[in-house]
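Here is the file model-v2.cif (mmCIF, N, CA, C and O atoms).
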data_run
#
loop_
_atom_site.label_atom_id
_atom_site.label_comp_id
_atom_site.auth_asym_id
_atom_site.auth_seq_id
_atom_site.Cartn_x
_atom_site.Cartn_y
_atom_site.Cartn_z
N MET A 1 -4.52 -62.04 20.89
CA MET A 1 -3.81 -60.79 20.89
C MET A 1 -4.80 -59.67 20.56
O MET A 1 -5.54 -59.72 19.60
N THR A 2 -4.80 -58.62 21.38
CA THR A 2 -5.70 -57.49 21.15
C THR A 2 -4.93 -56.32 20.55
O THR A 2 -3.78 -56.09 20.87
N THR A 3 -5.60 -55.63 19.66
CA THR A 3 -4.99 -54.47 19.03
C THR A 3 -5.70 -53.22 19.53
O THR A 3 -6.91 -53.09 19.40
N ASN A 4 -4.95 -52.32 20.11
CA ASN A 4 -5.52 -51.06 20.59
C ASN A 4 -5.22 -49.97 19.58
O ASN A 4 -4.08 -49.72 19.23
N LYS A 5 -6.29 -49.34 19.12
CA LYS A 5 -6.11 -48.23 18.18
C LYS A 5 -5.87 -46.94 18.97
O LYS A 5 -6.54 -46.66 19.94
N VAL A 6 -4.92 -46.20 18.50
CA VAL A 6 -4.64 -44.89 19.09
C VAL A 6 -5.27 -43.85 18.19
O VAL A 6 -4.96 -43.76 17.00
N THR A 7 -6.17 -43.06 18.76
CA THR A 7 -6.84 -42.03 17.97
C THR A 7 -6.42 -40.66 18.48
O THR A 7 -6.14 -40.47 19.65
N ALA A 8 -6.37 -39.74 17.57
CA ALA A 8 -6.02 -38.37 17.93
C ALA A 8 -7.21 -37.72 18.63
O ALA A 8 -8.36 -38.00 18.30
N PRO A 9 -6.95 -36.86 19.59
CA PRO A 9 -8.07 -36.18 20.26
C PRO A 9 -8.77 -35.22 19.30
O PRO A 9 -8.17 -34.68 18.37
N VAL A 10 -10.05 -35.03 19.53
CA VAL A 10 -10.83 -34.14 18.69
C VAL A 10 -10.53 -32.71 19.14
O VAL A 10 -10.75 -32.34 20.28
N VAL A 11 -10.01 -31.91 18.22
CA VAL A 11 -9.68 -30.53 18.51
C VAL A 11 -10.57 -29.63 17.67
O VAL A 11 -10.62 -29.78 16.45
N GLU A 12 -11.28 -28.72 18.34
CA GLU A 12 -12.15 -27.81 17.61
C GLU A 12 -11.33 -26.67 17.03
O GLU A 12 -10.36 -26.23 17.62
N ASP A 13 -11.75 -26.20 15.87
CA ASP A 13 -11.08 -25.09 15.22
C ASP A 13 -11.35 -23.81 16.00
O ASP A 13 -12.50 -23.43 16.22
N ARG A 14 -10.29 -23.12 16.44
CA ARG A 14 -10.45 -21.90 17.23
C ARG A 14 -11.06 -20.78 16.41
O ARG A 14 -11.65 -19.86 16.97
N ASN A 15 -10.92 -20.81 15.09
CA ASN A 15 -11.43 -19.74 14.25
C ASN A 15 -12.76 -20.07 13.60
O ASN A 15 -13.21 -19.36 12.72
N ALA A 16 -13.39 -21.15 14.03
CA ALA A 16 -14.68 -21.52 13.45
C ALA A 16 -15.72 -20.47 13.81
O ALA A 16 -15.68 -19.85 14.86
N TRP A 17 -16.66 -20.26 12.90
CA TRP A 17 -17.71 -19.29 13.12
C TRP A 17 -18.88 -20.01 13.79
O TRP A 17 -19.67 -20.67 13.14
N LYS A 18 -18.99 -19.89 15.12
CA LYS A 18 -20.06 -20.55 15.86
C LYS A 18 -20.85 -19.53 16.65
O LYS A 18 -20.31 -18.55 17.14
N PHE A 19 -22.15 -19.77 16.76
CA PHE A 19 -23.02 -18.89 17.51
C PHE A 19 -23.28 -19.45 18.90
O PHE A 19 -23.08 -20.63 19.16
N GLY A 20 -23.73 -18.59 19.79
CA GLY A 20 -24.01 -19.01 21.16
C GLY A 20 -22.83 -18.71 22.06
O GLY A 20 -21.88 -18.03 21.69
N PHE A 21 -22.89 -19.21 23.28
CA PHE A 21 -21.83 -18.97 24.25
C PHE A 21 -20.76 -20.05 24.11
O PHE A 21 -20.65 -20.96 24.91
N THR A 22 -19.97 -19.93 23.06
CA THR A 22 -18.89 -20.87 22.81
C THR A 22 -17.57 -20.12 22.85
O THR A 22 -17.54 -18.90 22.66
N PRO A 23 -16.47 -20.80 23.10
CA PRO A 23 -15.17 -20.11 23.08
C PRO A 23 -14.88 -19.44 21.74
O PRO A 23 -14.30 -18.36 21.71
N GLN A 24 -15.31 -20.06 20.65
CA GLN A 24 -15.07 -19.47 19.33
C GLN A 24 -15.84 -18.16 19.17
O GLN A 24 -15.31 -17.18 18.65
N ALA A 25 -17.08 -18.13 19.63
CA ALA A 25 -17.88 -16.91 19.53
C ALA A 25 -17.26 -15.79 20.38
O ALA A 25 -17.26 -14.63 19.98
N GLU A 26 -16.72 -16.14 21.54
CA GLU A 26 -16.10 -15.13 22.38
C GLU A 26 -14.81 -14.61 21.76
O GLU A 26 -14.49 -13.42 21.91
N LEU A 27 -14.07 -15.45 21.06
CA LEU A 27 -12.88 -14.97 20.36
C LEU A 27 -13.25 -13.96 19.28
O LEU A 27 -12.62 -12.90 19.15
N TRP A 28 -14.28 -14.27 18.50
CA TRP A 28 -14.71 -13.35 17.45
C TRP A 28 -15.26 -12.07 18.05
O TRP A 28 -15.04 -10.98 17.53
N ASN A 29 -15.98 -12.17 19.17
CA ASN A 29 -16.51 -10.99 19.84
C ASN A 29 -15.36 -10.07 20.27
O ASN A 29 -15.42 -8.85 20.08
N GLY A 30 -14.32 -10.63 20.81
CA GLY A 30 -13.16 -9.84 21.22
C GLY A 30 -12.45 -9.20 20.05
O GLY A 30 -12.02 -8.05 20.11
N ARG A 31 -12.34 -9.93 18.96
CA ARG A 31 -11.68 -9.38 17.76
C ARG A 31 -12.46 -8.19 17.20
O ARG A 31 -11.88 -7.16 16.86
N PHE A 32 -13.79 -8.34 17.12
CA PHE A 32 -14.61 -7.24 16.60
C PHE A 32 -14.60 -6.05 17.56
O PHE A 32 -14.64 -4.90 17.11
N ALA A 33 -14.53 -6.30 18.86
CA ALA A 33 -14.45 -5.21 19.83
C ALA A 33 -13.14 -4.44 19.65
O ALA A 33 -13.12 -3.20 19.73
N MET A 34 -12.04 -5.15 19.41
CA MET A 34 -10.76 -4.48 19.19
C MET A 34 -10.79 -3.63 17.92
O MET A 34 -10.27 -2.51 17.90
N ILE A 35 -11.41 -4.15 16.87
CA ILE A 35 -11.53 -3.40 15.62
C ILE A 35 -12.37 -2.14 15.84
O ILE A 35 -12.02 -1.05 15.38
N GLY A 36 -13.47 -2.26 16.58
CA GLY A 36 -14.32 -1.11 16.87
C GLY A 36 -13.61 -0.07 17.71
O GLY A 36 -13.76 1.14 17.49
N PHE A 37 -12.81 -0.50 18.68
CA PHE A 37 -12.08 0.44 19.53
C PHE A 37 -11.05 1.21 18.72
O PHE A 37 -10.93 2.43 18.84
N VAL A 38 -10.33 0.52 17.85
CA VAL A 38 -9.34 1.19 17.00
C VAL A 38 -10.04 2.14 16.03
O VAL A 38 -9.55 3.25 15.78
N ALA A 39 -11.18 1.73 15.50
CA ALA A 39 -11.93 2.61 14.60
C ALA A 39 -12.38 3.87 15.33
O ALA A 39 -12.34 4.98 14.76
N ALA A 40 -12.80 3.75 16.59
CA ALA A 40 -13.19 4.92 17.38
C ALA A 40 -12.01 5.84 17.62
O ALA A 40 -12.13 7.07 17.54
N LEU A 41 -10.84 5.27 17.91
CA LEU A 41 -9.64 6.10 18.11
C LEU A 41 -9.25 6.84 16.84
O LEU A 41 -8.90 8.02 16.88
N ILE A 42 -9.33 6.17 15.71
CA ILE A 42 -8.99 6.81 14.43
C ILE A 42 -9.99 7.92 14.12
O ILE A 42 -9.60 9.01 13.67
N THR A 43 -11.28 7.69 14.39
CA THR A 43 -12.30 8.72 14.16
C THR A 43 -12.02 9.94 15.03
O THR A 43 -12.11 11.07 14.56
N GLU A 44 -11.69 9.72 16.31
CA GLU A 44 -11.40 10.84 17.20
C GLU A 44 -10.16 11.59 16.75
O GLU A 44 -10.11 12.82 16.83
N TYR A 45 -9.17 10.89 16.25
CA TYR A 45 -7.93 11.54 15.82
C TYR A 45 -8.17 12.45 14.61
O TYR A 45 -7.72 13.59 14.59
N PHE A 46 -8.88 11.96 13.63
CA PHE A 46 -9.08 12.73 12.41
C PHE A 46 -10.18 13.78 12.53
O PHE A 46 -10.14 14.80 11.86
N ALA A 47 -11.18 13.54 13.37
CA ALA A 47 -12.28 14.50 13.52
C ALA A 47 -11.97 15.55 14.59
O ALA A 47 -12.67 16.56 14.68
N HIS A 48 -10.97 15.32 15.40
CA HIS A 48 -10.60 16.22 16.50
C HIS A 48 -11.74 16.44 17.48
O HIS A 48 -11.89 17.53 18.04
N GLU A 49 -12.58 15.44 17.65
CA GLU A 49 -13.65 15.47 18.65
C GLU A 49 -14.02 14.04 19.00
O GLU A 49 -13.65 13.10 18.30
N GLY A 50 -14.76 13.87 20.07
CA GLY A 50 -15.13 12.55 20.52
C GLY A 50 -16.09 11.86 19.57
O GLY A 50 -16.76 12.50 18.75
N VAL A 51 -16.19 10.56 19.70
CA VAL A 51 -17.05 9.77 18.81
C VAL A 51 -18.52 10.15 18.99
O VAL A 51 -19.26 10.29 18.02
N LEU A 52 -18.95 10.33 20.24
CA LEU A 52 -20.37 10.68 20.47
C LEU A 52 -20.70 12.04 19.89
O LEU A 52 -21.78 12.24 19.32
N ARG A 53 -19.80 13.01 20.01
CA ARG A 53 -20.04 14.33 19.43
C ARG A 53 -19.99 14.24 17.90
O ARG A 53 -20.77 14.88 17.20
N PHE A 54 -19.09 13.40 17.37
CA PHE A 54 -18.99 13.22 15.92
C PHE A 54 -20.29 12.65 15.35
O PHE A 54 -20.73 13.02 14.27
N MET A 55 -20.91 11.74 16.10
CA MET A 55 -22.15 11.12 15.64
C MET A 55 -23.38 11.98 15.94
O MET A 55 -24.49 11.63 15.55
N GLY A 56 -23.18 13.10 16.65
CA GLY A 56 -24.29 13.99 16.96
C GLY A 56 -25.10 13.57 18.16
O GLY A 56 -26.25 13.99 18.32
N LEU A 57 -24.55 12.73 19.02
CA LEU A 57 -25.28 12.25 20.19
C LEU A 57 -25.04 13.11 21.43
O LEU A 57 -25.67 12.94 22.44
N MET A 58 -24.10 14.06 21.33
CA MET A 58 -23.83 14.96 22.46
C MET A 58 -23.87 16.39 21.98
O MET A 58 -23.56 16.75 20.92
#
Turn the structure described in the file into structure tokens.
Amino acid sequence: MTTNKVTAPVVEDRNAWKFGFTPQAELWNGRFAMIGFVAALITEYFAHEGVLRFMGLM
């Protein structure tokens, strides 16, 4: 009689901090991009001018 072990599939943590071109790195890249975009909108709202002009680049 043979016994077959059933093992759970290996699932990587979506929120793991990994470097390189990995799905986890791309998720973090997207999250930081969203935070930066919202920060730029808030800066423009309170400064009443564009981000580049606020930073002195224009």
Inset, instruction - Please measure the separation of atom C of Gly20 (chain A) and CA of Ala39 (chain A), giving the value in Å to one decimal. - result: 25.1 Å
Would you place a box with edges along x, y and z of the file around all atoms of region 19-36 of chain A listed there, add 3 Å to each of its six sides, and report the centre and edge lengths in Å to one decimal, as AutoDock Vina command-line options?
--center_x -17.1 --center_y -9.9 --center_z 20.1 --size_x 19.7 --size_y 28.1 --size_z 15.5
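All residues in region 6-40 of chain A with a DSSP state of helix (DSSP H, G or I), computed from the backbone, read Pro23, Gln24, Ala25, Glu26, Leu27, Trp28, Asn29, Gly30, Arg31, Phe32, Ala33, Met34, Ile35, Gly36, Phe37, Val38, Ala39 and Ala40 of chain A.
Note that atom O of Met58 (chain A) and atom O of Trp28 (chain A) are 29.2 Å apart.
Atom to atom, atom C of Thr43 (chain A) and atom N of Met55 (chain A) stand 9.1 Å apart.
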